[in-house]
Amino acid sequence: MDWSALSVSLRLAVTTCLLLLPLALWLGRTLAVTRSRGRPFGEALIALPLVMPPTVLGFYLMVAFGREAPLGSLWHALTGGALNFTFTGILFASLVINLPFAVQPIQRAFETVPGHLREAAWCSGLSSWQTFMRIELPLVWPGLISSVALTFAHTLGEFGVILMVGGSLDGETRTLSIAIYDRMQAFDEVGAGIMSTVLLMVSFVTIGVVYGLARRRGVPRV
Amino acid sequence: MSELEVTLSQTSPIPLAAEFRCQPGELLALVGPSGSGKTTLLRAIAGLYQPQQGTIRCAGQVWFDTAKRLCMTPQQRRVGVVFQDYALFPHLTACDNVAIAMGHVASSEQRERAEQWLARVRLQGLEGRYPHELSGGQCQRVAVARALARDPWVLLLDEPFSAVDQVTRRRLQRELALLRETIDIPIVLVTHDLDEATALADRLCVLQAGATLQVGPPERLYRHPASPQVARLLDKHNVFTGTVAETSGRRYLTWGPNRLEVETGLDNLEPGQTLHWYVPPSDVILHRRDRPSRGERENPVESTVSEIIVLGGMALVTLSFSHTRETLRFEISTHAARRNGLAKGETVIVSLLASGIHLMPDAALPQHEGAQP
């Protein structure tokens with residue numbers, strides 16, 4: 001059992017969820033309430049990682065993270081470090097590939113909040129921020145939970161893009177999925193089986209916990 | 001000083017040319033067909049819609065003034081709004097739905113005050129229920145309590161009775177009538193139900209395509225509509241075209257072969273002038289067929305029954321005339337209709353009471369209409 005790979009996987013999944021959630025909330029709400037003509041373009045851009053082959057997306061990210069590319073050089077200028085073959089690199093990649101999984105459930109949840117509830121809140125004296133915190137957020141809670149669950153589970157299982165961007169560095173970029181692949185390459189079916197079972201259990205427990213939480217906090221709808 | 005004054009205008013996307021006032025304690029009903037801008041005006045008062053031009057003042061405070069580039073947010077305006085489908089927050093209990101509108105009250109007092117408001121709308125014991133656990137009528141009462149809990153300067157009601165059944169509607173209308181006696185703020189009601197507007201409102205504001213056509217007490221509007229358009233919007237049918245005539249210094253209204261006496265309004269008009277006139281159904285009197293008129297009664301007019309529809313105890317009678325395609329409608333009891341042998345094709349004589357005939361000299365005549373022969 002590669003505990004180091006499990007640790008990298010969990011660290012990556014938790015950090016991705018924490019960083020992506022505020023962004024997904026903002027993007028999901030904006031897309032849900034906006035009437036602008038640019039909305040389909042924004043939606044398409046966010047959904048792109050869903051339809052792109054992981055190797056293609058991994059290739060573009062690897063190129064973008066290179067020191068010759070603007071993003072890679074900017075990162076180097078700011079931190080002195082690199083993005084390719086680092087945990088930060090696979091974290092950035094994870095943020096990009098999980099964008100549709102994080103944004104879409106939240107967007108759908110915001111779309112189900114009737115516009116007149118916001119107006120009723122404003123007419124009740126609530127500011128826009130209070131309306132968001134006290135009215136909208138409790139109503140989109142199930143969508144929020146779905147977003148976290150999907151992002152977490154998808155990060156644990158992501159393989160292609162992470163392998164392209166991060167390789168398989170022990171304790172840095174080797175996630176459990178990659179470790180399983182490595183074990184199979186080495187004909188260690190027992191090791192691969194144990195790690196697969198652990199990944200399955202962790203995924204199942206995580207999803208079970210978040211959906212249980214969603215049910216407990218689930219709000220009655222009119 | 002605490003009245004509501006609204007003057008709004010714009011050409012697009014929704015045309016508006018509205019002007020009305022509402023006094024404290026008064027209930028003004030905005031009536032008109034779908035798309036006449038009723039709800040848009042209500043939203044403009046609440047600060048949810050910003051028209052291109054105009055002013056909105058309430059209790060001496062300017063809420064909206066395009067000349068001064070001033071537009072207060074809904075939060076800054078003290079408005080209580082009851083939305084068409086109530087817009088209750090589904091994740092909050094009835095009590096919390098009301099308490100959330102009490103930002104101006106100390107947090108320690110909010111719950112108690114919310115319970116007091118719910119008691120006032122007769123919802124004691126239901127404070128802990130969620131909206132999906134309440135009936136339509138109870139939801140409407142929570143919405144009213146929430147709107148009033150903000151201590152608003154104006155109460156806006158957007159079709160508040162449209163989502164409940166007939167029996168509940170009548171009960172809620174009665175409760176609103178009782179509640180408004182205790183509220184000393186302007187109340188603006190949007191409704192497409194003329195019966196509801198007539199029953200509840202002190203004054204009606206008739207709107208079409210966003211424009212105010214006439215404002216006044218229901219009785220006055222029903223008897224004296226300013227134009228054929230207003231009469232039609234108020235579901236009043238009996239609008240005709242006649243010509244002012246004078247014989248031996250006495251003025252009449254000629255309508256086909258009929259010479260009609262009119263109690264008021266003819267003196268200011270010139271003989272030969274063609275104009276619209278209206279007679280309320282209540283001022284149409286059927287002559288008993290077994291006692292034919294010899295012409296001595298008021299404005300006798302001969303006609304043919306073209307339609308008779310029995311609606312319960314009342315019969316809606318439509319009369320047609322030889323000189324015009326326009327028809328006259330009035331209601332009599334079904335019993336009276338049977339006693340007089342009213343049936344399609346029968347000839348009858350009706351009197352059009354001179355005191356009921358209302359002249360509309362300022363209303364433009366359509367191109368195809370003119371003096372009747």
# chains A, B, ... in the order shown; residues from 1 in each chain; ligands from 1

$ residues_around --residues "Ala179 (chain A)" --least-positions-apart "4" --cutoff "9 Å" --atoms "only C-alpha atoms" --output "list in words"
Asp2, Ala5, Leu6, Ser168, Arg174, Thr175, Arg183, Met184, Ala192 and Met195 of chain A

$ select_by_dssp --residues "region 81-300 of chain B" --states "alpha helix (DSSP H)" --output "ChimeraX atom specification"
/B:94-99,107-120,136-149,166-180,194-200,218-223,228-233

$ residues_around --residues "Ala153 (chain A)" --least-positions-apart "6" --cutoff "8 Å" --atoms "only C-alpha atoms" --output "list in words"
Ala13, Ser203, Thr206 and Ile207 of chain A

$ write_last_selection --atoms "N, CA and C atoms" --output "PDB file, in the first residue's frame"
ATOM      1  N   ALA A  13      -7.226  16.431  -3.403  1.00  0.00           N
ATOM      2  CA  ALA A  13      -8.694  16.513  -3.479  1.00  0.00           C
ATOM      3  C   ALA A  13      -9.234  17.578  -2.530  1.00  0.00           C
ATOM      4  N   SER A 203     -13.605   6.896  -1.581  1.00  0.00           N
ATOM      5  CA  SER A 203     -14.571   7.584  -2.452  1.00  0.00           C
ATOM      6  C   SER A 203     -15.988   7.364  -1.941  1.00  0.00           C
ATOM      7  N   THR A 206     -16.607   9.163   1.409  1.00  0.00           N
ATOM      8  CA  THR A 206     -16.685  10.613   1.193  1.00  0.00           C
ATOM      9  C   THR A 206     -18.027  11.000   0.585  1.00  0.00           C
ATOM     10  N   ILE A 207     -18.396  10.306  -0.467  1.00  0.00           N
ATOM     11  CA  ILE A 207     -19.664  10.619  -1.145  1.00  0.00           C
ATOM     12  C   ILE A 207     -20.829  10.379  -0.185  1.00  0.00           C
TER      13      ILE A 207
END

$ closest_atom_pairs --of "chain A" --to "chain B" --cutoff "12 Å" --atoms "only C-alpha atoms" --output "CSV"
residue,atom,partner,partner_atom,distance
A:Val113,CA,B:Phe89,CA,10.1
A:Pro114,CA,B:Ala87,CA,8.4
A:Gly115,CA,B:Ala87,CA,9.3
A:His116,CA,B:Ala87,CA,6.3
A:Leu117,CA,B:Ala87,CA,5.4
A:Arg118,CA,B:Ala87,CA,8.9
A:Glu119,CA,B:Leu48,CA,7.2
A:Ala120,CA,B:Ala87,CA,6.3
A:Ala121,CA,B:Ala101,CA,7.9
A:Trp122,CA,B:Gln75,CA,5.6
A:Cys123,CA,B:Pro74,CA,5.3
A:Ser124,CA,B:Ala101,CA,4.5
A:Gly125,CA,B:Gln75,CA,4.4
A:Leu126,CA,B:Gln75,CA,6.5
A:Ser127,CA,B:Gln75,CA,6.8
A:Ser128,CA,B:Gln75,CA,9.4
A:Gln130,CA,B:Ile100,CA,10.3
A:Thr131,CA,B:Ile100,CA,10.3
A:Arg134,CA,B:Ile100,CA,9.2
A:Ile135,CA,B:Phe89,CA,7.1
A:Glu136,CA,B:Phe89,CA,9.5
A:Leu137,CA,B:His91,CA,10.5
A:Pro138,CA,B:His91,CA,7.2
A:Leu139,CA,B:His91,CA,7.0
A:Val140,CA,B:His91,CA,10.7
A:Trp141,CA,B:His91,CA,10.8
A:Arg217,CA,B:His91,CA,9.9
A:Gly218,CA,B:His91,CA,8.8
A:Val219,CA,B:His91,CA,5.3
A:Pro220,CA,B:His91,CA,5.9
A:Arg221,CA,B:Pro90,CA,5.5
A:Val222,CA,B:His132,CA,5.0

$ residues_around --residues "Phe330 (chain B)" --least-positions-apart "4" --cutoff "8 Å" --atoms "only C-alpha atoms" --output "list of chain:residue names"
B:Pro281, B:Ser282, B:Val284, B:Leu316, B:Val317, B:Thr318

$ write_last_selection --atoms "C-alpha atoms" --output "mmCIF file, in the first residue's frame"
data_model
loop_
_atom_site.group_PDB
_atom_site.id
_atom_site.type_symbol
_atom_site.label_atom_id
_atom_site.label_comp_id
_atom_site.auth_asym_id
_atom_site.auth_seq_id
_atom_site.Cartn_x
_atom_site.Cartn_y
_atom_site.Cartn_z
ATOM 1 C CA PRO B 281 -77.001 48.762 -17.611
ATOM 2 C CA SER B 282 -78.651 49.798 -14.332
ATOM 3 C CA VAL B 284 -81.886 50.683 -18.822
ATOM 4 C CA LEU B 316 -78.192 39.021 -19.538
ATOM 5 C CA VAL B 317 -80.223 40.581 -22.344
ATOM 6 C CA THR B 318 -78.668 41.944 -25.546
#

$ atom_distance --atom1 "CA of Thr66 (chain B)" --atom2 "CA of Gln50 (chain B)"
9.5 Å

$ residues_around --residues "Leu311 (chain B)" --least-positions-apart "4" --cutoff "12 Å" --atoms "only C-alpha atoms" --output "list in words"
Ala315, Leu316, Val317, Glu331, Ile332, Ser333, Thr334, His335 and Ala337 of chain B

$ write_last_selection --atoms "N, CA and C atoms" --output "compact mmCIF listing (two decimals), in the first residue's frame"
# COMPACT_ATOMS: atom_id res chain seq x y z
N ALA B 315 -80.67 37.32 -15.90
CA ALA B 315 -80.62 37.07 -17.34
C ALA B 315 -79.92 38.26 -17.99
N LEU B 316 -78.91 37.97 -18.82
CA LEU B 316 -78.19 39.02 -19.54
C LEU B 316 -78.85 39.18 -20.91
N VAL B 317 -79.45 40.35 -21.12
CA VAL B 317 -80.22 40.58 -22.34
C VAL B 317 -79.43 41.49 -23.28
N GLU B 331 -79.14 43.75 -17.49
CA GLU B 331 -79.49 42.54 -16.74
C GLU B 331 -80.85 42.72 -16.08
N ILE B 332 -81.64 41.70 -16.12
CA ILE B 332 -82.86 41.69 -15.31
C ILE B 332 -82.96 40.31 -14.66
N SER B 333 -83.84 40.22 -13.69
CA SER B 333 -83.97 38.91 -13.04
C SER B 333 -84.58 37.92 -14.04
N THR B 334 -84.18 36.69 -13.91
CA THR B 334 -84.68 35.65 -14.82
C THR B 334 -86.21 35.57 -14.73
N HIS B 335 -86.69 35.77 -13.53
CA HIS B 335 -88.13 35.73 -13.31
C HIS B 335 -88.83 36.82 -14.14
N ALA B 337 -87.66 38.31 -16.79
CA ALA B 337 -87.49 38.01 -18.22
C ALA B 337 -88.57 37.03 -18.69

$ closest_residue --among "B:Pro24, B:Pro186, B:Pro225, B:Gly37" --to "Val239 (chain B)" --atoms "only C-alpha atoms"
B:Pro225

$ decode --residues "region 214-240 of chain B" --atoms "C-alpha atoms" --output "mmCIF file, in the first residue's frame"
data_model
loop_
_atom_site.group_PDB
_atom_site.id
_atom_site.type_symbol
_atom_site.label_atom_id
_atom_site.label_comp_id
_atom_site.auth_asym_id
_atom_site.auth_seq_id
_atom_site.Cartn_x
_atom_site.Cartn_y
_atom_site.Cartn_z
ATOM 1 C CA GLN B 214 -58.771 57.514 -15.651
ATOM 2 C CA VAL B 215 -58.512 57.549 -11.859
ATOM 3 C CA GLY B 216 -61.494 57.778 -9.555
ATOM 4 C CA PRO B 217 -63.877 56.000 -7.193
ATOM 5 C CA PRO B 218 -65.290 52.793 -8.720
ATOM 6 C CA GLU B 219 -68.878 54.041 -8.780
ATOM 7 C CA ARG B 220 -67.891 57.210 -10.609
ATOM 8 C CA LEU B 221 -65.832 55.309 -13.159
ATOM 9 C CA TYR B 222 -68.606 52.801 -13.786
ATOM 10 C CA ARG B 223 -71.178 55.552 -14.339
ATOM 11 C CA HIS B 224 -68.950 58.145 -15.969
ATOM 12 C CA PRO B 225 -66.103 56.522 -17.899
ATOM 13 C CA ALA B 226 -63.903 59.149 -19.526
ATOM 14 C CA SER B 227 -63.788 57.357 -22.857
ATOM 15 C CA PRO B 228 -65.152 54.308 -24.680
ATOM 16 C CA GLN B 229 -61.759 52.730 -23.996
ATOM 17 C CA VAL B 230 -62.232 53.055 -20.226
ATOM 18 C CA ALA B 231 -65.774 51.713 -20.498
ATOM 19 C CA ARG B 232 -64.519 48.716 -22.439
ATOM 20 C CA LEU B 233 -61.693 48.051 -19.955
ATOM 21 C CA LEU B 234 -64.228 48.191 -17.133
ATOM 22 C CA ASP B 235 -66.311 45.645 -19.020
ATOM 23 C CA LYS B 236 -69.015 48.183 -19.751
ATOM 24 C CA HIS B 237 -70.638 47.598 -23.085
ATOM 25 C CA ASN B 238 -73.231 50.267 -23.793
ATOM 26 C CA VAL B 239 -71.186 52.870 -25.665
ATOM 27 C CA PHE B 240 -72.840 54.490 -28.699
#
